[in-house]
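Asks: Following this message is one structure expressed as structure tokens.
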Amino acid sequence: MSTIGNSMNIFWQESPIGKLERQKLLNQKGCVVWITGLSGSGKSTLACSLSNELYARGKLSYILDGDNLRHGLNKDLGFKAEDRTENIRRVGEVAKLFADAGLICIASLISPYRKDRDACRAMLPDSNFIEASLFLNGSHLDYVFMNMPLALCEERDPKGLYKLARAGKIKGFTGIDDPYDLPLNCEIEINQKDGVCPMPSAMAGEVVTYLEDKGYLQD
Ligand SMILES: Nc1ncnc2c1ncn2[C@@H]1O[C@H](COP(=O)(O)OS(=O)(=O)O)[C@@H](OP(=O)(O)O)[C@H]1O
Ligand SMILES: Nc1ncnc2c1ncn2[C@@H]1O[C@H](COP(=O)(O)OP(=O)(O)O)[C@@H](O)[C@H]1O
């Protein structure tokens, strides 16, 4: 019996089929690939390309896209700091469930605050001791940082939001008048090469190679 958050007298219910059985069924390891970066940096593009690439290899993934989740689960949240924190916390919890289900969960959110990203990583510890030896950082969450210059994101501006933010019509826009804390410990960083952004398939390929090397693409 325990007290968690605001709930009292609650018990953990075990289920007969666990993560290991599900992973065997799917021949992959449940994990979270969390893509962070400015609006317009290419998070959704990478998420879709990665999902396609994994599908072609017979691997089951699911995309948690910040924009989409704000249409449902997170429709009560805005963009002030505490709402963004709650947004990331909720998506971290959902991602944890997907990883436990055995899926390769691809989360694509700006996730601008370092403390919230650190909290998500802490939420997904590698609890299985035998498995743990396979993973260097002991976490089933890996960050991909879309390190694209603000000027490029602003030039792309596919939704016209930077223009509105610059005109003062959107307040607290990430990169303009709300901070983006640069990641200090991301597993993968995607950069421009000679001023050119890699093709989506090349970005996805880099992540797939990483997942392969870490042993996620087999049970
Ligand atoms: N103020 C402000 N700041 C940043 N972004 C804004 C804002 N208002 C609306 N949008 C749109 O919301 C998308 C980001 O949602 P997220 O859930 O990923 O944001 S966060 O992680 O909670 O910061 C983001 O989508 P992406 O462009 O896909 O990143 C924007 O289209
Ligand atoms: N690797 C890339 N090369 C060229 N254009 C890209 C690349 N990645 C994204 N884009 C373009 O940049 C814009 C923003 O990409 P998007 O994936 O929607 O970013 P985010 O999800 O971070 O807001 C889109 O118009 C997209 O087509």
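Numbering starts fresh at 1 for the residues of each chain in the structure tokens, the chains themselves are lettered A, B, ... in the order given, and ligands are numbered from 1 as they appear.
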Any residue with an atom at most 9 Å from ligand 1 counts, using only C-alpha atoms and all ligand atoms. Which are they? Put them as a ChimeraX atom specification.
Replies: /A:36-44,65-70,74,77-81,83-88,108-113,157-161,165,170-178,180
Asks: Output N, CA and C atoms for every residue in the selection just made, as a short mmCIF file (atom, residue, chain, number, x, y, z; two decimals), in the first residue's frame.
Replies:
```cif
data_model
loop_
_atom_site.label_atom_id
_atom_site.label_comp_id
_atom_site.auth_asym_id
_atom_site.auth_seq_id
_atom_site.Cartn_x
_atom_site.Cartn_y
_atom_site.Cartn_z
N THR A 36 14.06 16.97 -29.60
CA THR A 36 13.87 18.31 -29.04
C THR A 36 14.49 19.35 -29.97
N GLY A 37 13.91 20.53 -29.99
CA GLY A 37 14.46 21.61 -30.82
C GLY A 37 13.42 22.69 -31.05
N LEU A 38 13.88 23.78 -31.63
CA LEU A 38 13.00 24.92 -31.89
C LEU A 38 11.86 24.55 -32.84
N SER A 39 10.82 25.33 -32.80
CA SER A 39 9.75 25.20 -33.79
C SER A 39 10.37 25.42 -35.17
N GLY A 40 10.08 24.52 -36.10
CA GLY A 40 10.61 24.65 -37.46
C GLY A 40 11.99 24.04 -37.64
N SER A 41 12.52 23.39 -36.58
CA SER A 41 13.88 22.82 -36.70
C SER A 41 13.87 21.49 -37.45
N GLY A 42 12.68 20.89 -37.61
CA GLY A 42 12.59 19.62 -38.35
C GLY A 42 12.25 18.42 -37.49
N LYS A 43 11.71 18.65 -36.31
CA LYS A 43 11.39 17.54 -35.40
C LYS A 43 10.38 16.58 -36.01
N SER A 44 9.27 17.14 -36.52
CA SER A 44 8.22 16.27 -37.07
C SER A 44 8.72 15.56 -38.33
N ASP A 65 3.47 13.56 -31.03
CA ASP A 65 3.82 14.88 -31.55
C ASP A 65 3.17 15.97 -30.68
N GLY A 66 3.98 16.91 -30.23
CA GLY A 66 3.50 17.96 -29.32
C GLY A 66 2.25 18.66 -29.84
N ASP A 67 2.31 19.08 -31.09
CA ASP A 67 1.17 19.77 -31.70
C ASP A 67 -0.09 18.90 -31.63
N ASN A 68 0.03 17.63 -32.01
CA ASN A 68 -1.13 16.74 -32.04
C ASN A 68 -1.69 16.49 -30.64
N LEU A 69 -0.79 16.28 -29.67
CA LEU A 69 -1.27 15.98 -28.31
C LEU A 69 -1.99 17.18 -27.70
N ARG A 70 -1.62 18.37 -28.17
CA ARG A 70 -2.30 19.57 -27.67
C ARG A 70 -3.73 19.68 -28.23
N ASN A 74 -3.57 17.14 -24.05
CA ASN A 74 -3.02 18.37 -23.44
C ASN A 74 -3.75 19.63 -23.89
N LEU A 77 -3.71 22.84 -21.80
CA LEU A 77 -2.43 23.51 -21.51
C LEU A 77 -2.10 24.56 -22.56
N GLY A 78 -1.49 25.65 -22.10
CA GLY A 78 -1.01 26.69 -23.00
C GLY A 78 0.51 26.66 -23.07
N PHE A 79 1.12 27.84 -23.18
CA PHE A 79 2.57 27.89 -23.37
C PHE A 79 3.31 28.65 -22.26
N LYS A 80 2.61 28.93 -21.15
CA LYS A 80 3.37 29.52 -20.06
C LYS A 80 4.24 28.43 -19.43
N ALA A 81 5.24 28.86 -18.67
CA ALA A 81 6.27 27.91 -18.23
C ALA A 81 5.69 26.68 -17.52
N ASP A 83 2.77 25.36 -17.77
CA ASP A 83 2.02 24.52 -18.70
C ASP A 83 2.96 23.68 -19.56
N ARG A 84 4.06 24.29 -19.99
CA ARG A 84 5.03 23.51 -20.78
C ARG A 84 5.61 22.38 -19.92
N THR A 85 5.88 22.70 -18.65
CA THR A 85 6.42 21.68 -17.74
C THR A 85 5.43 20.52 -17.60
N GLU A 86 4.16 20.85 -17.42
CA GLU A 86 3.14 19.80 -17.27
C GLU A 86 2.98 19.03 -18.58
N ASN A 87 3.08 19.74 -19.71
CA ASN A 87 3.00 19.11 -21.03
C ASN A 87 4.09 18.02 -21.15
N ILE A 88 5.31 18.40 -20.82
CA ILE A 88 6.43 17.47 -20.96
C ILE A 88 6.30 16.32 -19.96
N SER A 108 8.11 14.03 -30.16
CA SER A 108 8.58 15.18 -30.93
C SER A 108 7.94 16.44 -30.35
N LEU A 109 8.68 17.07 -29.46
CA LEU A 109 8.19 18.28 -28.79
C LEU A 109 9.33 19.27 -28.65
N ILE A 110 9.01 20.56 -28.61
CA ILE A 110 10.07 21.55 -28.42
C ILE A 110 10.83 21.22 -27.13
N SER A 111 10.08 20.88 -26.07
CA SER A 111 10.68 20.54 -24.76
C SER A 111 11.84 21.48 -24.43
N PRO A 112 11.52 22.76 -24.21
CA PRO A 112 12.57 23.78 -24.15
C PRO A 112 13.38 23.83 -22.86
N TYR A 113 12.81 23.31 -21.77
CA TYR A 113 13.48 23.52 -20.47
C TYR A 113 14.27 22.29 -20.06
N ASP A 157 9.65 29.04 -41.25
CA ASP A 157 8.38 29.51 -40.66
C ASP A 157 7.14 28.94 -41.35
N PRO A 158 6.99 27.58 -41.40
CA PRO A 158 5.90 27.00 -42.21
C PRO A 158 4.51 27.38 -41.71
N LYS A 159 4.40 27.73 -40.43
CA LYS A 159 3.06 28.07 -39.89
C LYS A 159 2.88 29.57 -39.72
N GLY A 160 3.90 30.34 -40.06
CA GLY A 160 3.80 31.80 -39.92
C GLY A 160 3.84 32.29 -38.49
N LEU A 161 4.28 31.40 -37.56
CA LEU A 161 4.23 31.78 -36.13
C LEU A 161 5.38 32.71 -35.73
N ALA A 165 5.15 36.19 -33.86
CA ALA A 165 5.90 36.43 -32.61
C ALA A 165 6.75 37.69 -32.72
N ILE A 170 2.15 37.00 -30.88
CA ILE A 170 2.22 35.82 -30.01
C ILE A 170 3.26 36.16 -28.96
N LYS A 171 2.87 36.02 -27.70
CA LYS A 171 3.81 36.31 -26.60
C LYS A 171 4.40 34.99 -26.11
N GLY A 172 5.66 35.03 -25.67
CA GLY A 172 6.30 33.84 -25.10
C GLY A 172 6.56 32.77 -26.13
N PHE A 173 7.06 33.17 -27.30
CA PHE A 173 7.36 32.18 -28.34
C PHE A 173 8.81 31.70 -28.16
N THR A 174 8.98 30.39 -28.17
CA THR A 174 10.32 29.80 -27.95
C THR A 174 11.33 30.34 -28.95
N GLY A 175 12.44 30.81 -28.42
CA GLY A 175 13.51 31.31 -29.29
C GLY A 175 13.41 32.81 -29.53
N ILE A 176 12.21 33.37 -29.34
CA ILE A 176 12.02 34.81 -29.54
C ILE A 176 11.96 35.51 -28.18
N ASP A 177 10.93 35.18 -27.40
CA ASP A 177 10.87 35.78 -26.06
C ASP A 177 10.55 34.74 -25.00
N ASP A 178 10.90 33.50 -25.28
CA ASP A 178 10.85 32.43 -24.27
C ASP A 178 12.08 31.56 -24.53
N TYR A 180 15.04 28.62 -24.91
CA TYR A 180 15.29 27.21 -25.24
C TYR A 180 16.65 26.87 -24.61
#
```
Asks: Please list as a PyMOL selection string every residue within 12 Å of region 191-195 of chain A, counting only C-alpha atoms and excluding residues in the same chain fewer than 5 positions away.
Replies: chain A and resi 37+41-42+144-149+151-152+200+202-203+206
Asks: Write out, as an mmCIF file, in the first residue's frame, the residues just selected, with N, CA and C atoms.
Replies:
```cif
data_model
loop_
_atom_site.group_PDB
_atom_site.id
_atom_site.type_symbol
_atom_site.label_atom_id
_atom_site.label_comp_id
_atom_site.auth_asym_id
_atom_site.auth_seq_id
_atom_site.Cartn_x
_atom_site.Cartn_y
_atom_site.Cartn_z
ATOM 1 N N GLY A 37 13.910 20.533 -29.988
ATOM 2 C CA GLY A 37 14.461 21.610 -30.815
ATOM 3 C C GLY A 37 13.424 22.691 -31.052
ATOM 4 N N SER A 41 12.519 23.394 -36.582
ATOM 5 C CA SER A 41 13.875 22.820 -36.702
ATOM 6 C C SER A 41 13.867 21.485 -37.447
ATOM 7 N N GLY A 42 12.680 20.886 -37.609
ATOM 8 C CA GLY A 42 12.587 19.625 -38.351
ATOM 9 C C GLY A 42 12.246 18.420 -37.489
ATOM 10 N N VAL A 144 17.408 13.337 -29.096
ATOM 11 C CA VAL A 144 17.951 13.796 -30.376
ATOM 12 C C VAL A 144 17.722 15.300 -30.417
ATOM 13 N N PHE A 145 18.795 16.060 -30.527
ATOM 14 C CA PHE A 145 18.698 17.518 -30.542
ATOM 15 C C PHE A 145 18.774 18.008 -31.985
ATOM 16 N N MET A 146 17.691 18.631 -32.452
ATOM 17 C CA MET A 146 17.689 19.240 -33.785
ATOM 18 C C MET A 146 18.350 20.607 -33.639
ATOM 19 N N ASN A 147 19.655 20.646 -33.815
ATOM 20 C CA ASN A 147 20.414 21.874 -33.560
ATOM 21 C C ASN A 147 20.465 22.761 -34.810
ATOM 22 N N MET A 148 19.302 23.329 -35.136
ATOM 23 C CA MET A 148 19.217 24.201 -36.316
ATOM 24 C C MET A 148 19.201 25.660 -35.861
ATOM 25 N N PRO A 149 19.912 26.537 -36.579
ATOM 26 C CA PRO A 149 19.940 27.936 -36.164
ATOM 27 C C PRO A 149 18.543 28.558 -36.190
ATOM 28 N N ALA A 151 17.780 31.389 -37.156
ATOM 29 C CA ALA A 151 17.561 32.091 -38.434
ATOM 30 C C ALA A 151 16.959 31.147 -39.485
ATOM 31 N N LEU A 152 17.416 29.882 -39.494
ATOM 32 C CA LEU A 152 16.883 28.915 -40.467
ATOM 33 C C LEU A 152 15.415 28.601 -40.141
ATOM 34 N N PRO A 200 16.019 14.365 -44.805
ATOM 35 C CA PRO A 200 15.305 13.638 -43.748
ATOM 36 C C PRO A 200 15.726 12.165 -43.645
ATOM 37 N N ALA A 202 18.575 10.875 -44.305
ATOM 38 C CA ALA A 202 19.917 10.774 -43.699
ATOM 39 C C ALA A 202 19.828 10.973 -42.184
ATOM 40 N N MET A 203 18.974 11.908 -41.758
ATOM 41 C CA MET A 203 18.799 12.134 -40.305
ATOM 42 C C MET A 203 18.219 10.868 -39.666
ATOM 43 N N GLU A 206 20.742 8.078 -39.316
ATOM 44 C CA GLU A 206 21.664 8.235 -38.178
ATOM 45 C C GLU A 206 21.025 7.686 -36.896
#
```
Asks: Using DSSP on the backbone coordinates, identify the residues of region 68-205 of chain A assigned to strand (DSSP E); present them as number ranges by chain.
Replies: A: 104-108, 141-146, 188-190
Asks: Fewer than 3 positions away in the same chain doesn't count, so skip those; otherwise give me all residues within 9 Å of Ala99 (chain A), counting only C-alpha atoms, as an mmCIF file with all heavy atoms, in the first residue's frame.
Replies:
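Generated output (result.cif):
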```cif
data_model
loop_
_atom_site.group_PDB
_atom_site.id
_atom_site.type_symbol
_atom_site.label_atom_id
_atom_site.label_comp_id
_atom_site.auth_asym_id
_atom_site.auth_seq_id
_atom_site.Cartn_x
_atom_site.Cartn_y
_atom_site.Cartn_z
ATOM 1 N N LYS A 19 6.921 -6.678 -19.932
ATOM 2 C CA LYS A 19 7.635 -6.006 -21.018
ATOM 3 C C LYS A 19 8.516 -6.979 -21.805
ATOM 4 O O LYS A 19 8.572 -6.938 -23.032
ATOM 5 C CB LYS A 19 8.479 -4.871 -20.434
ATOM 6 C CG LYS A 19 9.173 -4.041 -21.498
ATOM 7 C CD LYS A 19 9.957 -2.878 -20.904
ATOM 8 C CE LYS A 19 10.580 -2.049 -22.012
ATOM 9 N NZ LYS A 19 11.499 -1.033 -21.523
ATOM 10 N N LYS A 29 13.194 -3.671 -28.673
ATOM 11 C CA LYS A 29 13.147 -3.233 -27.273
ATOM 12 C C LYS A 29 12.346 -1.939 -27.160
ATOM 13 O O LYS A 29 12.528 -1.025 -27.961
ATOM 14 C CB LYS A 29 14.564 -2.997 -26.743
ATOM 15 C CG LYS A 29 15.311 -4.285 -26.478
ATOM 16 C CD LYS A 29 16.507 -4.048 -25.573
ATOM 17 C CE LYS A 29 17.199 -5.366 -25.290
ATOM 18 N NZ LYS A 29 17.925 -5.886 -26.468
ATOM 19 N N GLY A 30 11.499 -1.898 -26.162
ATOM 20 C CA GLY A 30 10.733 -0.684 -25.922
ATOM 21 C C GLY A 30 11.660 0.426 -25.463
ATOM 22 O O GLY A 30 12.498 0.215 -24.587
ATOM 23 N N CYS A 31 11.517 1.582 -26.067
ATOM 24 C CA CYS A 31 12.392 2.702 -25.699
ATOM 25 C C CYS A 31 11.746 4.009 -26.161
ATOM 26 O O CYS A 31 10.710 3.991 -26.833
ATOM 27 C CB CYS A 31 13.765 2.549 -26.342
ATOM 28 S SG CYS A 31 13.720 2.531 -28.141
ATOM 29 N N VAL A 32 12.362 5.108 -25.799
ATOM 30 C CA VAL A 32 11.850 6.421 -26.208
ATOM 31 C C VAL A 32 12.955 7.200 -26.912
ATOM 32 O O VAL A 32 14.048 7.363 -26.368
ATOM 33 C CB VAL A 32 11.371 7.238 -24.988
ATOM 34 C CG1 VAL A 32 10.849 8.600 -25.440
ATOM 35 C CG2 VAL A 32 10.296 6.480 -24.206
ATOM 36 N N VAL A 94 3.325 9.202 -20.765
ATOM 37 C CA VAL A 94 2.712 8.431 -21.862
ATOM 38 C C VAL A 94 3.807 7.665 -22.613
ATOM 39 O O VAL A 94 3.646 6.480 -22.939
ATOM 40 C CB VAL A 94 1.922 9.358 -22.819
ATOM 41 C CG1 VAL A 94 1.442 8.584 -24.045
ATOM 42 C CG2 VAL A 94 0.740 9.992 -22.094
ATOM 43 N N ALA A 95 4.929 8.343 -22.858
ATOM 44 C CA ALA A 95 6.052 7.687 -23.556
ATOM 45 C C ALA A 95 6.532 6.471 -22.769
ATOM 46 O O ALA A 95 6.863 5.424 -23.341
ATOM 47 C CB ALA A 95 7.189 8.686 -23.750
ATOM 48 N N LYS A 96 6.527 6.609 -21.452
ATOM 49 C CA LYS A 96 6.949 5.493 -20.592
ATOM 50 C C LYS A 96 6.021 4.288 -20.779
ATOM 51 O O LYS A 96 6.472 3.136 -20.827
ATOM 52 C CB LYS A 96 6.917 5.980 -19.144
ATOM 53 C CG LYS A 96 7.410 5.004 -18.124
ATOM 54 C CD LYS A 96 7.403 5.660 -16.755
ATOM 55 C CE LYS A 96 7.774 4.657 -15.684
ATOM 56 N NZ LYS A 96 7.852 5.252 -14.364
ATOM 57 N N GLY A 102 6.479 -2.026 -25.309
ATOM 58 C CA GLY A 102 7.451 -2.654 -26.213
ATOM 59 C C GLY A 102 7.694 -1.857 -27.489
ATOM 60 O O GLY A 102 8.452 -2.279 -28.365
ATOM 61 N N LEU A 103 7.060 -0.701 -27.603
ATOM 62 C CA LEU A 103 7.189 0.088 -28.836
ATOM 63 C C LEU A 103 8.396 1.024 -28.793
ATOM 64 O O LEU A 103 8.876 1.392 -27.722
ATOM 65 C CB LEU A 103 5.938 0.954 -29.032
ATOM 66 C CG LEU A 103 4.774 0.292 -29.755
ATOM 67 C CD1 LEU A 103 4.101 -0.743 -28.880
ATOM 68 C CD2 LEU A 103 3.753 1.351 -30.155
ATOM 69 N N ILE A 104 8.820 1.423 -29.971
ATOM 70 C CA ILE A 104 9.817 2.483 -30.087
ATOM 71 C C ILE A 104 9.001 3.767 -30.175
ATOM 72 O O ILE A 104 8.367 4.059 -31.191
ATOM 73 C CB ILE A 104 10.713 2.279 -31.320
ATOM 74 C CG1 ILE A 104 11.480 0.951 -31.161
ATOM 75 C CG2 ILE A 104 11.672 3.465 -31.496
ATOM 76 C CD1 ILE A 104 12.078 0.408 -32.438
ATOM 77 N N CYS A 105 8.971 4.480 -29.085
ATOM 78 C CA CYS A 105 8.136 5.678 -28.985
ATOM 79 C C CYS A 105 8.967 6.878 -29.420
ATOM 80 O O CYS A 105 10.054 7.114 -28.885
ATOM 81 C CB CYS A 105 7.660 5.829 -27.544
ATOM 82 S SG CYS A 105 6.643 7.280 -27.327
ATOM 83 N N LEU A 124 12.449 7.308 -16.877
ATOM 84 C CA LEU A 124 12.616 6.053 -17.622
ATOM 85 C C LEU A 124 13.919 5.345 -17.289
ATOM 86 O O LEU A 124 14.738 5.076 -18.173
ATOM 87 C CB LEU A 124 12.547 6.335 -19.124
ATOM 88 C CG LEU A 124 11.125 6.435 -19.644
ATOM 89 C CD1 LEU A 124 10.886 7.753 -20.306
ATOM 90 C CD2 LEU A 124 10.846 5.276 -20.577
ATOM 91 N N HIS A 140 16.147 4.319 -20.781
ATOM 92 C CA HIS A 140 15.534 3.912 -22.045
ATOM 93 C C HIS A 140 15.037 5.121 -22.818
ATOM 94 O O HIS A 140 14.182 4.996 -23.672
ATOM 95 C CB HIS A 140 14.391 2.922 -21.783
ATOM 96 C CG HIS A 140 14.896 1.530 -21.535
ATOM 97 N ND1 HIS A 140 14.120 0.548 -20.990
ATOM 98 C CD2 HIS A 140 16.100 0.979 -21.752
ATOM 99 C CE1 HIS A 140 14.829 -0.560 -20.885
ATOM 100 N NE2 HIS A 140 16.032 -0.317 -21.338
#
```
Asks: Could you tell me which of A:Phe11, A:Tyr210, A:Tyr216, A:Tyr162 comes closest to ligand 2 if we count only C-alpha atoms and all ligand atoms?
Replies: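 Ranking A:Phe11, A:Tyr210, A:Tyr216, A:Tyr162 by distance to ligand 2, first place goes to A:Tyr162.
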Asks: State, in Å with one decimal place, the distance from atom 22 (O, counted along the ligand's line) of ligand 2 to CA of Arg57 (chain A).
Replies: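 Distance reported for this atom pair: 24.7 Å.
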Asks: Which residue is closest to Leu182 (chain A)? Choose from A:Arg114, A:Arg121, A:Leu46, A:Cys197 and count only C-alpha atoms.
Replies: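 Of the candidates, the smallest distance to Leu182 (chain A) is held by A:Arg114.
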Asks: Could you pull out the residues in region 9-186 of chain A that DSSP calls alpha helix (DSSP H) from the backbone, as a count of residues only?
Replies: 73
Asks: Looking at A:Pro179, A:Leu164, A:Glu93, A:Arg156, which one is nearest to ligand 2, with distances taken over only C-alpha atoms and all ligand atoms?
Replies: A:Arg156
Asks: CA of Lys214 (chain A) to CA of Leu97 (chain A): how many Å, to one decimal?
Replies: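 Those two atoms sit 20.4 Å apart.
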